[in-house]
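Below is one structure, written out as structure tokens, with a few remarks after it.
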Amino acid sequence: MSTAKKASERLIKKYPNRRLYDTQTSSYITLADVKLLVLGSEDFIVVDAKTEEDLTRSILLQIILEEEANGQPMFSSAALSQIIRYYGHAMQGMMGSYLEKNIQVFIDIQNKLAENSKGIMDEKSFSPEMWTQFMSVQGPMMQGMMSNYIEQSKSLFIQMQEQMQSQAKNVLGVFPFPGSPMAKAATEAK
């Protein structure tokens with residue numbers, strides 16, 4: 001992480017008593033306050049006050065856990081189970097990247113819709129409530145667009161997986177493993 005990036009980040013320290021201390025405001029804050037920083041797109045880092053270990057991801061996961069427990073969850077139990085299954089899997093790194101890119105595509109679509117709506121309404125009135133109302137009208141269209149995107153993405157993912165399997169077979173096929181083409185050729189040559 002660059003020094004300029006670190007200097008612009010808000011530093012929050014987590015103490016052993018589980019309290020969060022915002023060094024910018026010189027006050028203790030709650031997870032709800034950290035959530036407001038996220039919603040305000042403020043850069044911050046949470047570190048352990050003693051060890052200076054970066055705890056930002058842990059705090060963000062706590063916020064997600066609270067959001068999932070209260071109100072309408074974003075992830076189904078099946079989706080969470082699938083995500084858990086990818087930990088330790090050979091495709092774990094790829095899955096994280098895949099999810100991140102898909103979320104970014106969704107954000108880009110949302111930003112494009114907001115940009116295109118600037119002429120219709122002033123920016124201040126396009127609140128989360130307005131998004132809710134807008135999406136209730138545009139929801140079916142958005143779901144169709146996202147379904148098409150997901151199907152295309154799924155096809156590309158399957159193609160990529162097949163290519164990787166094919167390349168692995170080609171690379172590993174030159175070694176005399178039992179059942180490999182080279183092992184069969186050696187057996188037939190005897």
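To be explicit about the labels: the chains of the structure tokens are called A, B, and onward in the order shown, and within each one the residues are counted from 1, while ligands get numbers from 1 in the order they are shown.
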
*DSSP-assigned alpha helix (DSSP H) members of segment 28-125 of chain A, reported as a PyMOL selection string*: chain A and resi 31-39+56-69+77-85+92-116

*Using only C-alpha atoms, which residue out of A:Thr56, A:Ser153, A:Gln165, A:Ser97 lies closest to Val38 of chain A?*
A:Thr56

*asked:* Would you pick out the contacts of Leu37 of chain A at 12 Å or less, using only C-alpha atoms, so that residues sharing its chain but fewer than 6 positions from it are not included, and give the list as a list in words?
replied: Glu9, Arg10, Leu11, Ile12, Asp22, Ile29, Thr30, Leu31, Asp43, Phe44, Ile45, Val46, Leu60 and Ile63 of chain A

*Would you mind listing what lies within 12 Å of Gln62 of chain A as an NGL selection string, with only C-alpha atoms counted and same-chain residues fewer than 4 positions away left out?*
:A and (30-32 or 34-35 or 55-58 or 66-69)

*From the list A:Tyr98, A:Ala78, A:Lys13, A:Ser8, which residue is nearest Glu42 of chain A when using only C-alpha atoms?*
A:Ser8

*Could you please determine the separation between atom CA of Ala79 of chain A and atom CA of Met94 of chain A in Å, to one decimal place?*
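Spanning atom CA of Ala79 of chain A to atom CA of Met94 of chain A is a straight-line distance of 16.5 Å.
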